[in-house]
$ cat run_37.cif   # mmCIF, C-alpha atoms and all ligand atoms
data_run
#
loop_
_atom_site.label_atom_id
_atom_site.label_comp_id
_atom_site.auth_asym_id
_atom_site.auth_seq_id
_atom_site.Cartn_x
_atom_site.Cartn_y
_atom_site.Cartn_z
CA MET A 16 -11.42 46.26 -13.74
CA GLN A 17 -14.04 44.11 -12.04
CA VAL A 18 -13.23 40.43 -12.31
CA ALA A 19 -14.89 37.04 -11.78
CA VAL A 20 -12.72 33.93 -11.42
CA LEU A 21 -14.46 30.66 -12.25
CA GLY A 22 -12.36 27.81 -10.88
CA SER A 23 -10.61 29.99 -8.29
CA THR A 24 -9.44 27.02 -6.19
CA GLY A 25 -7.55 25.36 -9.04
CA SER A 26 -4.03 25.82 -10.31
CA ILE A 27 -4.89 28.64 -12.74
CA GLY A 28 -7.45 30.13 -10.34
CA ARG A 29 -4.96 30.38 -7.47
CA GLN A 30 -2.32 31.94 -9.70
CA THR A 31 -4.91 34.39 -11.01
CA LEU A 32 -5.59 35.49 -7.44
CA GLU A 33 -1.85 35.91 -6.85
CA VAL A 34 -1.71 38.27 -9.80
CA ALA A 35 -4.85 40.05 -8.57
CA ALA A 36 -3.41 40.50 -5.07
CA ALA A 37 -0.37 42.21 -6.54
CA ARG A 38 -2.23 44.55 -8.92
CA GLN A 39 -4.68 47.16 -7.69
CA GLU A 40 -6.18 47.42 -11.19
CA ILE A 41 -7.85 44.06 -10.53
CA ASP A 42 -10.88 44.00 -8.28
CA ILE A 43 -12.19 40.53 -7.49
CA ILE A 44 -16.01 40.68 -7.52
CA ALA A 45 -16.85 36.99 -7.80
CA LEU A 46 -15.29 33.58 -7.24
CA ALA A 47 -16.53 30.10 -8.08
CA ALA A 48 -15.43 26.50 -7.64
CA ARG A 49 -16.90 23.02 -7.48
CA LYS A 50 -16.67 21.97 -3.84
CA ASN A 51 -13.36 22.91 -2.23
CA ILE A 52 -15.08 25.20 0.25
CA ASP A 53 -12.15 25.31 2.67
CA LEU A 54 -10.00 27.17 0.17
CA LEU A 55 -12.97 29.06 -1.18
CA GLU A 56 -13.69 30.40 2.30
CA GLU A 57 -10.08 31.49 2.73
CA GLN A 58 -10.18 33.25 -0.64
CA THR A 59 -13.53 34.86 0.18
CA ARG A 60 -12.17 36.28 3.43
CA GLN A 61 -9.08 37.59 1.68
CA PHE A 62 -10.63 39.06 -1.47
CA GLN A 63 -14.11 39.99 -0.16
CA PRO A 64 -16.00 39.17 -3.37
CA LYS A 65 -19.68 40.11 -3.59
CA TYR A 66 -20.64 36.75 -5.11
CA VAL A 67 -19.41 33.21 -4.69
CA GLY A 68 -20.61 30.29 -6.81
CA VAL A 69 -20.36 26.70 -5.58
CA TYR A 70 -21.25 24.11 -8.19
CA ASP A 71 -21.93 21.30 -5.74
CA VAL A 72 -25.30 22.11 -4.18
CA GLN A 73 -24.58 20.45 -0.84
CA ALA A 74 -21.23 22.21 -0.54
CA ALA A 75 -22.95 25.49 -1.45
CA LYS A 76 -25.30 25.11 1.54
CA GLU A 77 -22.43 24.43 3.89
CA PHE A 78 -20.44 27.31 2.44
CA GLN A 79 -23.38 29.67 3.00
CA GLN A 80 -23.35 28.74 6.72
CA ARG A 81 -19.64 29.41 6.99
CA VAL A 82 -19.76 32.91 5.58
CA VAL A 83 -22.90 34.28 7.29
CA ASP A 84 -20.73 37.00 8.82
CA LEU A 85 -19.74 38.31 5.36
CA PRO A 86 -21.77 40.43 2.91
CA VAL A 87 -21.55 37.84 0.15
CA THR A 88 -24.24 36.28 -2.04
CA VAL A 89 -23.78 32.54 -2.53
CA VAL A 90 -25.16 30.90 -5.66
CA ALA A 91 -25.16 27.18 -6.53
CA GLY A 92 -25.07 24.78 -9.45
CA ILE A 93 -24.30 25.46 -13.08
CA GLU A 94 -26.97 28.19 -13.02
CA GLY A 95 -24.98 29.92 -10.31
CA LEU A 96 -21.87 29.91 -12.47
CA GLU A 97 -23.85 31.26 -15.42
CA GLU A 98 -25.33 33.97 -13.21
CA ILE A 99 -21.88 35.04 -12.05
CA ALA A 100 -20.52 35.06 -15.61
CA SER A 101 -23.36 37.37 -16.69
CA LEU A 102 -23.28 39.91 -13.81
CA ALA A 103 -23.54 43.45 -15.17
CA GLU A 104 -20.78 44.75 -12.92
CA ILE A 105 -18.17 42.23 -14.16
CA ASP A 106 -15.80 43.29 -16.95
CA VAL A 107 -13.52 40.26 -17.16
CA VAL A 108 -14.46 36.62 -16.58
CA VAL A 109 -11.54 34.27 -16.04
CA THR A 110 -12.68 30.79 -17.05
CA ALA A 111 -10.36 28.46 -15.17
CA VAL A 112 -12.64 25.51 -14.49
CA SER A 113 -11.43 22.19 -15.78
CA GLY A 114 -13.48 20.41 -18.44
CA ALA A 115 -16.44 21.05 -20.72
CA VAL A 116 -18.47 22.17 -17.70
CA GLY A 117 -17.01 25.59 -18.55
CA LEU A 118 -19.08 25.79 -21.73
CA LYS A 119 -22.33 27.25 -20.36
CA PRO A 120 -20.74 29.92 -18.14
CA THR A 121 -18.41 30.95 -20.97
CA ILE A 122 -21.36 31.32 -23.32
CA ALA A 123 -23.21 33.33 -20.67
CA ALA A 124 -20.26 35.74 -20.45
CA VAL A 125 -19.94 35.97 -24.24
CA LYS A 126 -23.62 36.84 -24.57
CA GLN A 127 -23.05 39.81 -22.26
CA GLY A 128 -20.20 41.01 -24.50
CA LYS A 129 -17.63 40.57 -21.76
CA THR A 130 -13.90 40.06 -21.94
CA ILE A 131 -13.09 36.44 -21.24
CA ALA A 132 -9.64 35.43 -20.08
CA LEU A 133 -9.91 31.87 -21.30
CA ALA A 134 -7.94 29.08 -19.71
CA ASN A 135 -10.69 26.51 -20.15
CA LYS A 136 -9.67 25.06 -23.53
CA GLU A 137 -12.24 22.25 -23.38
CA THR A 138 -14.93 24.85 -24.10
CA LEU A 139 -13.42 25.76 -27.46
CA VAL A 140 -12.79 22.12 -28.28
CA ALA A 141 -16.41 21.16 -27.66
CA ALA A 142 -18.04 24.23 -29.18
CA GLY A 143 -15.45 26.35 -30.98
CA LYS A 144 -17.61 27.39 -33.89
CA LEU A 145 -20.66 28.17 -31.80
CA VAL A 146 -18.68 30.15 -29.22
CA MET A 147 -16.68 32.14 -31.78
CA ASP A 148 -19.86 32.96 -33.76
CA LEU A 149 -21.40 34.27 -30.53
CA VAL A 150 -18.24 36.24 -29.76
CA ARG A 151 -18.62 38.08 -33.08
CA GLU A 152 -22.36 38.54 -32.65
CA HIS A 153 -22.08 39.99 -29.14
CA GLN A 154 -18.75 41.76 -29.64
CA ALA A 155 -17.19 39.88 -26.78
CA THR A 156 -13.42 39.50 -26.49
CA ILE A 157 -11.52 36.31 -25.77
CA ILE A 158 -7.97 36.66 -24.54
CA PRO A 159 -6.15 33.35 -24.27
CA VAL A 160 -4.56 32.34 -20.97
CA ASP A 161 -3.19 29.00 -22.17
CA SER A 162 0.54 29.73 -22.44
CA GLU A 163 0.91 28.62 -26.07
CA HIS A 164 -2.07 30.64 -27.20
CA SER A 165 -1.03 33.68 -25.22
CA ALA A 166 2.35 33.37 -26.95
CA VAL A 167 0.74 33.13 -30.39
CA PHE A 168 -1.66 35.96 -29.58
CA GLN A 169 1.32 38.16 -28.70
CA CYS A 170 3.18 37.18 -31.89
CA LEU A 171 0.10 38.01 -33.97
CA GLN A 172 -0.26 41.63 -32.97
CA GLU A 173 0.30 42.77 -36.56
CA GLY A 174 -2.56 40.57 -37.79
CA THR A 175 -2.89 37.14 -39.38
CA GLY A 176 -2.54 38.22 -43.01
CA ALA A 177 1.00 36.97 -43.66
CA VAL A 178 0.88 33.91 -41.41
CA GLU A 179 2.32 30.73 -42.85
CA LYS A 180 1.82 28.58 -39.81
CA ILE A 181 1.35 28.54 -36.09
CA ILE A 182 3.92 26.49 -34.22
CA LEU A 183 2.66 25.13 -30.91
CA THR A 184 5.44 23.90 -28.69
CA ALA A 185 4.99 20.87 -26.45
CA SER A 186 7.23 19.76 -23.61
CA GLY A 187 6.59 16.15 -24.58
CA GLY A 188 5.49 15.36 -21.03
CA PRO A 189 7.07 12.90 -18.59
CA PHE A 190 7.14 10.02 -21.11
CA ARG A 191 8.91 11.67 -24.02
CA GLY A 192 11.07 9.09 -25.78
CA TRP A 193 9.29 6.12 -24.20
CA THR A 194 7.92 3.13 -26.14
CA ARG A 195 4.33 1.87 -26.09
CA GLU A 196 5.50 -1.23 -24.19
CA GLN A 197 6.89 0.99 -21.45
CA LEU A 198 3.74 3.12 -21.39
CA ALA A 199 1.46 0.11 -20.88
CA HIS A 200 2.31 -0.07 -17.18
CA VAL A 201 2.73 3.52 -16.05
CA THR A 202 0.88 4.53 -12.90
CA PRO A 203 -1.12 7.71 -12.26
CA LYS A 204 1.64 8.79 -9.90
CA GLU A 205 4.27 8.61 -12.66
CA ALA A 206 1.99 10.32 -15.16
CA LEU A 207 1.29 13.15 -12.69
CA LYS A 208 4.98 14.10 -12.59
CA HIS A 209 5.20 16.79 -15.24
CA PRO A 210 8.76 17.91 -16.02
CA ASN A 211 8.14 21.67 -16.35
CA TRP A 212 4.69 22.76 -15.17
CA GLU A 213 2.65 22.43 -11.92
CA MET A 214 -0.95 22.03 -13.06
CA GLY A 215 -4.27 20.42 -12.19
CA ARG A 216 -4.51 16.62 -12.42
CA LYS A 217 -6.61 16.41 -15.56
CA ILE A 218 -4.39 18.64 -17.71
CA THR A 219 -1.28 16.94 -16.32
CA ILE A 220 -2.49 13.57 -17.60
CA ASP A 221 -3.44 15.24 -20.89
CA SER A 222 0.14 16.47 -21.12
CA ALA A 223 1.45 12.95 -20.59
CA THR A 224 -0.72 11.52 -23.40
CA LEU A 225 -0.18 14.61 -25.62
CA MET A 226 -3.96 15.01 -25.71
CA ASN A 227 -3.36 18.42 -24.16
CA LYS A 228 -1.48 19.47 -27.29
CA GLY A 229 -4.27 18.00 -29.41
CA LEU A 230 -6.87 20.05 -27.53
CA GLU A 231 -4.63 23.07 -27.99
CA VAL A 232 -4.46 22.54 -31.76
CA ILE A 233 -8.27 22.72 -31.87
CA GLU A 234 -8.24 25.69 -29.49
CA ALA A 235 -5.76 27.51 -31.77
CA HIS A 236 -7.84 26.72 -34.85
CA TRP A 237 -10.83 28.52 -33.35
CA LEU A 238 -9.04 31.33 -31.55
CA PHE A 239 -6.95 32.38 -34.52
CA ASP A 240 -9.24 31.22 -37.34
CA ILE A 241 -6.49 29.22 -39.00
CA PRO A 242 -6.76 25.89 -40.89
CA TYR A 243 -5.46 22.74 -39.20
CA GLU A 244 -2.92 22.25 -42.00
CA GLN A 245 -1.24 25.43 -40.82
CA ILE A 246 -0.87 24.38 -37.19
CA GLN A 247 2.29 22.45 -36.40
CA VAL A 248 3.23 20.83 -33.12
CA VAL A 249 6.92 20.79 -32.22
CA VAL A 250 8.29 19.05 -29.14
CA HIS A 251 10.54 21.42 -27.21
CA PRO A 252 11.44 19.80 -23.89
CA GLN A 253 12.81 22.93 -22.20
CA SER A 254 9.46 24.81 -22.43
CA ILE A 255 11.30 28.11 -22.91
CA ILE A 256 9.71 28.96 -26.25
CA HIS A 257 6.01 28.98 -25.43
CA SER A 258 4.97 28.97 -29.07
CA ALA A 259 5.79 30.74 -32.32
CA VAL A 260 4.35 31.97 -35.59
CA SER A 261 6.07 31.68 -38.94
CA PHE A 262 5.27 34.27 -41.60
CA ARG A 263 5.42 34.16 -45.37
CA ASP A 264 8.48 36.41 -45.54
CA GLY A 265 10.53 33.76 -43.77
CA SER A 266 10.38 35.33 -40.30
CA ILE A 267 9.48 33.40 -37.20
CA LEU A 268 8.32 35.29 -34.12
CA ALA A 269 8.44 33.38 -30.87
CA HIS A 270 7.54 34.07 -27.25
CA LEU A 271 10.13 33.09 -24.65
CA GLY A 272 10.10 33.15 -20.89
CA VAL A 273 10.22 31.02 -17.79
CA ALA A 274 7.48 28.44 -17.52
CA ASP A 275 5.19 30.32 -15.14
CA MET A 276 1.48 30.72 -15.86
CA ARG A 277 1.34 34.02 -14.03
CA ILE A 278 2.90 35.62 -17.14
CA PRO A 279 0.07 34.74 -19.56
CA ILE A 280 -2.53 35.24 -16.81
CA GLN A 281 -1.31 38.76 -16.13
CA TYR A 282 -1.07 39.55 -19.84
CA ALA A 283 -4.75 38.66 -20.24
CA PHE A 284 -5.48 41.49 -17.78
CA SER A 285 -2.86 44.01 -18.92
CA TYR A 286 -3.34 43.59 -22.70
CA PRO A 287 -2.57 45.62 -24.76
CA GLU A 288 -0.12 46.95 -22.17
CA ARG A 289 2.49 45.16 -20.12
CA TRP A 290 2.74 45.53 -16.38
CA GLU A 291 5.53 44.94 -13.93
CA GLY A 292 5.38 41.19 -13.33
CA LEU A 293 5.61 38.76 -10.44
CA VAL A 294 7.93 36.59 -12.47
CA LYS A 295 11.58 37.27 -13.13
CA THR A 296 12.71 37.68 -16.72
CA LEU A 297 14.55 34.75 -18.16
CA ASP A 298 18.34 35.03 -18.26
CA LEU A 299 19.18 33.51 -21.63
CA THR A 300 22.74 32.74 -20.59
CA THR A 301 21.43 30.30 -17.99
CA VAL A 302 19.19 28.48 -20.46
CA GLY A 303 21.90 26.62 -22.32
CA GLN A 304 20.36 24.65 -25.14
CA LEU A 305 16.99 24.78 -26.79
CA THR A 306 16.09 21.61 -28.67
CA PHE A 307 13.24 20.66 -30.99
CA GLU A 308 11.88 17.39 -32.30
CA LYS A 309 8.84 15.92 -34.02
CA PRO A 310 6.13 14.39 -31.84
CA ASP A 311 5.91 10.60 -32.01
CA LEU A 312 2.34 10.01 -33.16
CA ASP A 313 2.58 6.21 -32.93
CA VAL A 314 3.48 6.29 -29.27
CA PHE A 315 1.15 9.23 -28.55
CA PRO A 316 -1.88 8.68 -30.81
CA ALA A 317 -4.03 11.18 -28.88
CA LEU A 318 -2.47 14.04 -30.82
CA LYS A 319 -3.34 12.38 -34.12
CA LEU A 320 -6.90 11.72 -32.92
CA ALA A 321 -7.30 15.39 -32.04
CA TYR A 322 -6.22 16.49 -35.53
CA GLU A 323 -8.67 13.96 -36.99
CA ALA A 324 -11.49 15.19 -34.78
CA GLY A 325 -10.72 18.80 -35.65
CA LEU A 326 -10.60 18.12 -39.38
CA THR A 327 -13.83 16.10 -39.24
CA GLY A 328 -15.45 18.95 -37.33
CA GLY A 329 -19.09 19.10 -36.25
CA THR A 330 -19.61 17.10 -33.06
CA MET A 331 -16.46 14.97 -33.42
CA PRO A 332 -14.36 17.21 -31.15
CA VAL A 333 -17.16 17.01 -28.55
CA VAL A 334 -16.68 13.24 -28.54
CA LEU A 335 -12.90 13.57 -28.42
CA ASN A 336 -13.11 15.82 -25.40
CA ALA A 337 -15.86 14.02 -23.47
CA SER A 338 -14.36 10.55 -23.97
CA ASN A 339 -10.98 11.89 -22.91
CA GLU A 340 -12.39 13.51 -19.75
CA VAL A 341 -13.98 10.21 -18.71
CA ALA A 342 -10.94 8.12 -19.61
CA VAL A 343 -8.59 10.41 -17.68
CA GLU A 344 -10.82 10.18 -14.62
CA ALA A 345 -10.89 6.39 -14.93
CA PHE A 346 -7.10 6.26 -15.31
CA LEU A 347 -6.59 8.48 -12.26
CA SER A 348 -8.82 6.23 -10.17
CA GLY A 349 -6.93 3.13 -11.31
CA GLN A 350 -9.74 1.62 -13.40
CA ILE A 351 -7.88 1.59 -16.71
CA GLY A 352 -4.31 1.70 -17.99
CA PHE A 353 -2.53 4.63 -19.58
CA LEU A 354 -2.81 3.33 -23.15
CA ASP A 355 -6.54 2.73 -22.65
CA ILE A 356 -7.09 6.48 -22.61
CA SER A 357 -6.42 6.99 -26.32
CA ARG A 358 -7.93 3.60 -27.15
CA LEU A 359 -11.24 4.62 -25.56
CA VAL A 360 -11.16 7.99 -27.30
CA ARG A 361 -10.58 6.28 -30.65
CA GLN A 362 -13.43 3.83 -30.05
CA ALA A 363 -15.81 6.60 -29.04
CA MET A 364 -14.89 8.54 -32.19
CA GLU A 365 -15.34 5.48 -34.43
CA ARG A 366 -18.84 4.90 -33.12
CA HIS A 367 -19.96 8.47 -33.44
CA ARG A 368 -22.26 9.75 -36.18
CA VAL A 369 -21.24 13.35 -36.72
CA ILE A 370 -23.72 16.21 -36.61
CA LYS A 371 -22.30 18.84 -38.96
CA GLU A 372 -23.38 22.18 -37.49
CA PRO A 373 -24.60 21.27 -34.01
CA THR A 374 -26.72 23.51 -31.82
CA LEU A 375 -25.75 23.97 -28.17
CA GLU A 376 -28.40 21.42 -27.18
CA GLU A 377 -26.94 18.87 -29.60
CA ILE A 378 -23.43 19.53 -28.30
CA LEU A 379 -24.56 19.01 -24.72
CA GLN A 380 -26.43 15.86 -25.67
CA VAL A 381 -23.48 14.34 -27.53
CA ASP A 382 -21.28 15.24 -24.58
CA ARG A 383 -23.65 13.44 -22.17
CA GLU A 384 -24.11 10.38 -24.36
CA THR A 385 -20.39 10.03 -24.97
CA ARG A 386 -19.68 10.10 -21.24
CA GLU A 387 -22.31 7.41 -20.62
CA ASN A 388 -20.99 5.23 -23.44
CA VAL A 389 -17.38 5.47 -22.36
CA TRP A 390 -18.25 4.65 -18.73
CA LYS A 391 -20.11 1.59 -20.05
CA MET A 392 -17.06 0.53 -22.07
CA ILE A 393 -14.89 0.91 -18.98
CA ASN A 394 -17.23 -1.03 -16.70
CA ARG A 395 -17.72 -3.84 -19.17
P1 LIG B 401 -7.50 22.33 -11.54
O1 LIG B 401 -7.97 20.94 -11.52
O2 LIG B 401 -6.29 22.71 -10.74
O3 LIG B 401 -8.67 23.30 -11.05
C1 LIG B 401 -9.95 23.19 -11.58
C2 LIG B 401 -10.82 24.26 -10.99
O4 LIG B 401 -12.11 24.17 -11.57
C3 LIG B 401 -11.01 24.14 -9.48
O5 LIG B 401 -11.20 25.41 -8.94
C4 LIG B 401 -12.32 23.35 -9.39
O6 LIG B 401 -13.02 23.51 -8.18
C5 LIG B 401 -13.06 23.99 -10.54
N1 LIG B 401 -14.15 23.18 -11.06
C6 LIG B 401 -14.08 21.94 -11.57
N2 LIG B 401 -15.30 21.51 -11.93
C7 LIG B 401 -16.15 22.52 -11.63
C8 LIG B 401 -17.53 22.68 -11.72
N3 LIG B 401 -18.33 21.72 -12.18
N4 LIG B 401 -18.07 23.87 -11.32
C9 LIG B 401 -17.28 24.85 -10.81
N5 LIG B 401 -15.96 24.74 -10.69
C10 LIG B 401 -15.41 23.59 -11.09
O7 LIG B 401 -7.32 22.72 -13.07
P2 LIG B 401 -6.29 23.75 -13.74
O8 LIG B 401 -6.30 25.04 -13.02
O9 LIG B 401 -4.99 23.07 -13.95
O10 LIG B 401 -6.94 23.93 -15.17
C11 LIG B 401 -8.09 24.72 -15.38
C12 LIG B 401 -8.29 24.95 -16.88
O11 LIG B 401 -7.18 25.68 -17.37
C13 LIG B 401 -8.32 23.64 -17.69
O12 LIG B 401 -9.21 23.79 -18.75
C14 LIG B 401 -6.90 23.51 -18.20
O13 LIG B 401 -6.84 22.80 -19.40
C15 LIG B 401 -6.54 24.97 -18.41
N6 LIG B 401 -5.11 25.25 -18.35
C16 LIG B 401 -4.40 25.02 -17.20
C17 LIG B 401 -3.05 25.27 -17.13
C18 LIG B 401 -2.29 25.10 -15.87
O14 LIG B 401 -1.11 25.46 -15.80
N7 LIG B 401 -2.86 24.57 -14.81
C19 LIG B 401 -2.30 25.74 -18.31
C20 LIG B 401 -3.15 25.99 -19.45
C21 LIG B 401 -4.49 25.75 -19.46
P3 LIG B 401 -12.73 22.51 -6.90
O15 LIG B 401 -11.34 22.84 -6.44
O16 LIG B 401 -13.76 22.90 -5.92
O17 LIG B 401 -12.85 21.12 -7.43
MG MG B 402 -0.90 25.02 -22.78
#
$ encode --input "run_37.cif" --output "structure tokens"
Amino acid sequence: MQVAVLGSTGSIGRQTLEVAAARQEIDIIALAARKNIDLLEEQTRQFQPKYVGVYDVQAAKEFQQRVVDLPVTVVAGIEGLEEIASLAEIDVVVTAVSGAVGLKPTIAAVKQGKTIALANKETLVAAGKLVMDLVREHQATIIPVDSEHSAVFQCLQEGTGAVEKIILTASGGPFRGWTREQLAHVTPKEALKHPNWEMGRKITIDSATLMNKGLEVIEAHWLFDIPYEQIQVVVHPQSIIHSAVSFRDGSILAHLGVADMRIPIQYAFSYPERWEGLVKTLDLTTVGQLTFEKPDLDVFPALKLAYEAGLTGGTMPVVLNASNEVAVEAFLSGQIGFLDISRLVRQAMERHRVIKEPTLEEILQVDRETRENVWKMINR
């Protein structure tokens, strides 16, 4: 299969290329990133893609100079990413960029009826209805890469008819069991220490606030067409059960394994088959105990805000996502405290006047305006 990897220099992107290097079924035709052209050049020399997209226009020019000896076409900007996502020769587009910037390229791929291995959850949060309507219209296929959703997808192979609820597991992040007083003074360095997963900076902070789980609730709602009332979040600190589905007959099916994203990444390519993996199978006798608890919504209000945004619908999840992206960036650069992240998201949501069935233009406009407003709140 001919594959494009958007966000190839990131955590998911690099692991996708590890899987690709090990499997001859996967032929890398295109890569794209924002501006890490050092790694992008290395990847280009190794995988010999025909196309490389660089979002940052200046970096794209420099990249072009560096690869003059290679038969590769370099494209720039968001248009470049959209162009790559729509290439006729690509079968599978892996969307592993971080943030709502993934929306336009994902839509471009959907409109060409492609298979999308979707890691970029922010796209479904911002525009779940619109994207899923287009998926049906253009007979595209979305296969989830997010570990919880890959787990649920695998548990749902006999259909959604008898589903009682989807159970998304959450590690609880580095601050599980902490109080709000303790959280008031945590530093980016502490928040970036995730107990079980090595991930990009933005999603690691989202895991610490539990916003990541909130975004995943919305992602699950759209991917599996299931009401929010039937999506439950359970804190499971060992991250061995990657998620589960409970059925009306009293059965629960769960997906277990080591916490390694190369498993769900590879499954997105091998589905409906399973291939020999890069990851060793979990030895249950070494696991010891599996424990479960309820999330603490008072200490981690981001999860509650995400449910609220999802239930409100329309453009509210756009605001949730955009305000969170800005707040996380501001936290990482030391401009605000940890608790300010969910405070800013709540304030942005309170101010917002919801558009019920937004067009893509309206979604993009609300996204832009929210970012501007939240930066203003931060700089005030
Ligand atoms: P990283 O921050 O590690 O990587 C982000 C990637 O996206 C980089 O390649 C970056 O390029 C690229 N990128 C960012 N902005 C743009 C842009 N404007 N145009 C083109 N490329 C861009 O993130 P992760 O890999 O951790 O996460 C990626 C997505 O996958 C997120 O949506 C996340 O929620 C989701 N996800 C991640 C998991 C994980 O284990 N990491 C697990 C489940 C989901 P550059 O390096 O040049 O900046
Ligand atoms: Mg996840």
$ closest_residue --input "run_37.cif" --among "A:Ile393, A:Ala206, A:Val333, A:Val109" --to "Ile158 (chain A)" --atoms "only C-alpha atoms"
A:Val109
$ atom_distance --input "run_37.cif" --atom1 "CA of Ala199 (chain A)" --atom2 "CA of Phe353 (chain A)"
6.2 Å
$ closest_residue --input "run_37.cif" --among "A:Val389, A:Leu312, A:Ile256, A:Ala324" --to "ligand MG 402 (chain B)" --atoms "all atoms listed in the file"
A:Ile256
$ closest_residue --input "run_37.cif" --among "A:Val178, A:Val82, A:Val302, A:Ala134" --to "ligand MG 402 (chain B)" --atoms "all atoms listed in the file"
A:Ala134
$ closest_residue --input "run_37.cif" --among "A:Glu104, A:Asp71, A:Leu96, A:Gly143" --to "Asp42 (chain A)" --atoms "all atoms listed in the file"
A:Glu104
$ residues_near_ligand --input "run_37.cif" --ligand "ligand MG 402 (chain B)" --cutoff "8 Å" --atoms "all atoms listed in the file" --output "PDB file with C-alpha atoms, in the frame of the given file"
ATOM      1  CA  ASP A 161      -3.190  29.000 -22.170  1.00  0.00           C
ATOM      2  CA  SER A 162       0.540  29.730 -22.440  1.00  0.00           C
ATOM      3  CA  GLU A 163       0.910  28.620 -26.070  1.00  0.00           C
ATOM      4  CA  HIS A 164      -2.070  30.640 -27.200  1.00  0.00           C
ATOM      5  CA  ASN A 227      -3.360  18.420 -24.160  1.00  0.00           C
ATOM      6  CA  LYS A 228      -1.480  19.470 -27.290  1.00  0.00           C
ATOM      7  CA  GLU A 231      -4.630  23.070 -27.990  1.00  0.00           C
TER       8      GLU A 231
END
$ closest_residue --input "run_37.cif" --among "A:Ala91, A:Leu347, A:Met392, A:Ala142" --to "Glu205 (chain A)" --atoms "all atoms listed in the file"
A:Leu347
$ closest_residue --input "run_37.cif" --among "A:Tyr70, A:Phe239, A:Trp390, A:Tyr286" --to "Ile351 (chain A)" --atoms "only C-alpha atoms"
A:Trp390
$ residues_around --input "run_37.cif" --residues "Ile218 (chain A)" --least-positions-apart "2" --cutoff "10 Å" --atoms "all atoms listed in the file" --output "ChimeraX atom specification"
/A:113-114,207,213-216,220-227,340,343
$ residues_near_ligand --input "run_37.cif" --ligand "ligand LIG 401 (chain B)" --cutoff "7 Å" --atoms "all atoms listed in the file" --output "ChimeraX atom specification"
/A:21-28,47-52,69-70,93,111-114,116,134-137,160-162,212-218,276
$ atom_distance --input "run_37.cif" --atom1 "CA of Glu234 (chain A)" --atom2 "CA of Leu139 (chain A)"
5.6 Å
$ residues_near_point --input "run_37.cif" --point "(-10.1, 16.7, -33.9)" --cutoff "8 Å" --atoms "all atoms listed in the file" --output "tab-separated table (two decimals) with C-alpha atoms, keeping the file's coordinate frame"
chain	number	residue	atom	x	y	z
A	229	GLY	CA	-4.27	18.00	-29.41
A	230	LEU	CA	-6.87	20.05	-27.53
A	233	ILE	CA	-8.27	22.72	-31.87
A	320	LEU	CA	-6.90	11.72	-32.92
A	321	ALA	CA	-7.30	15.39	-32.04
A	322	TYR	CA	-6.22	16.49	-35.53
A	323	GLU	CA	-8.67	13.96	-36.99
A	324	ALA	CA	-11.49	15.19	-34.78
A	325	GLY	CA	-10.72	18.80	-35.65
A	326	LEU	CA	-10.60	18.12	-39.38
A	327	THR	CA	-13.83	16.10	-39.24
A	328	GLY	CA	-15.45	18.95	-37.33
A	331	MET	CA	-16.46	14.97	-33.42
A	332	PRO	CA	-14.36	17.21	-31.15
A	335	LEU	CA	-12.90	13.57	-28.42
$ atom_distance --input "run_37.cif" --atom1 "CA of Phe307 (chain A)" --atom2 "CA of Cys170 (chain A)"
19.4 Å
$ decode --input "run_37.cif" --residues "region 123-129 of chain A" --atoms "N, CA, C and O atoms" --output "PDB file, in the first residue's frame"
ATOM      1  N   ALA A 123      -9.288  16.769   2.966  1.00  0.00           N
ATOM      2  CA  ALA A 123      -8.826  16.549   1.589  1.00  0.00           C
ATOM      3  C   ALA A 123      -8.717  15.052   1.298  1.00  0.00           C
ATOM      4  O   ALA A 123      -9.132  14.581   0.236  1.00  0.00           O
ATOM      5  N   ALA A 124      -8.193  14.290   2.248  1.00  0.00           N
ATOM      6  CA  ALA A 124      -8.047  12.841   2.055  1.00  0.00           C
ATOM      7  C   ALA A 124      -9.414  12.159   2.013  1.00  0.00           C
ATOM      8  O   ALA A 124      -9.656  11.272   1.188  1.00  0.00           O
ATOM      9  N   VAL A 125     -10.314  12.596   2.885  1.00  0.00           N
ATOM     10  CA  VAL A 125     -11.662  12.017   2.923  1.00  0.00           C
ATOM     11  C   VAL A 125     -12.360  12.224   1.585  1.00  0.00           C
ATOM     12  O   VAL A 125     -12.989  11.312   1.047  1.00  0.00           O
ATOM     13  N   LYS A 126     -12.200  13.426   1.038  1.00  0.00           N
ATOM     14  CA  LYS A 126     -12.890  13.740  -0.225  1.00  0.00           C
ATOM     15  C   LYS A 126     -12.379  12.894  -1.382  1.00  0.00           C
ATOM     16  O   LYS A 126     -13.052  12.777  -2.401  1.00  0.00           O
ATOM     17  N   GLN A 127     -11.178  12.338  -1.233  1.00  0.00           N
ATOM     18  CA  GLN A 127     -10.668  11.429  -2.276  1.00  0.00           C
ATOM     19  C   GLN A 127     -10.991   9.980  -1.948  1.00  0.00           C
ATOM     20  O   GLN A 127     -10.499   9.071  -2.607  1.00  0.00           O
ATOM     21  N   GLY A 128     -11.806   9.764  -0.913  1.00  0.00           N
ATOM     22  CA  GLY A 128     -12.233   8.403  -0.565  1.00  0.00           C
ATOM     23  C   GLY A 128     -11.115   7.531  -0.033  1.00  0.00           C
ATOM     24  O   GLY A 128     -11.152   6.304  -0.147  1.00  0.00           O
ATOM     25  N   LYS A 129     -10.109   8.143   0.557  1.00  0.00           N
ATOM     26  CA  LYS A 129      -8.949   7.366   1.004  1.00  0.00           C
ATOM     27  C   LYS A 129      -9.193   6.686   2.350  1.00  0.00           C
ATOM     28  O   LYS A 129     -10.170   6.959   3.034  1.00  0.00           O
TER      29      LYS A 129
END
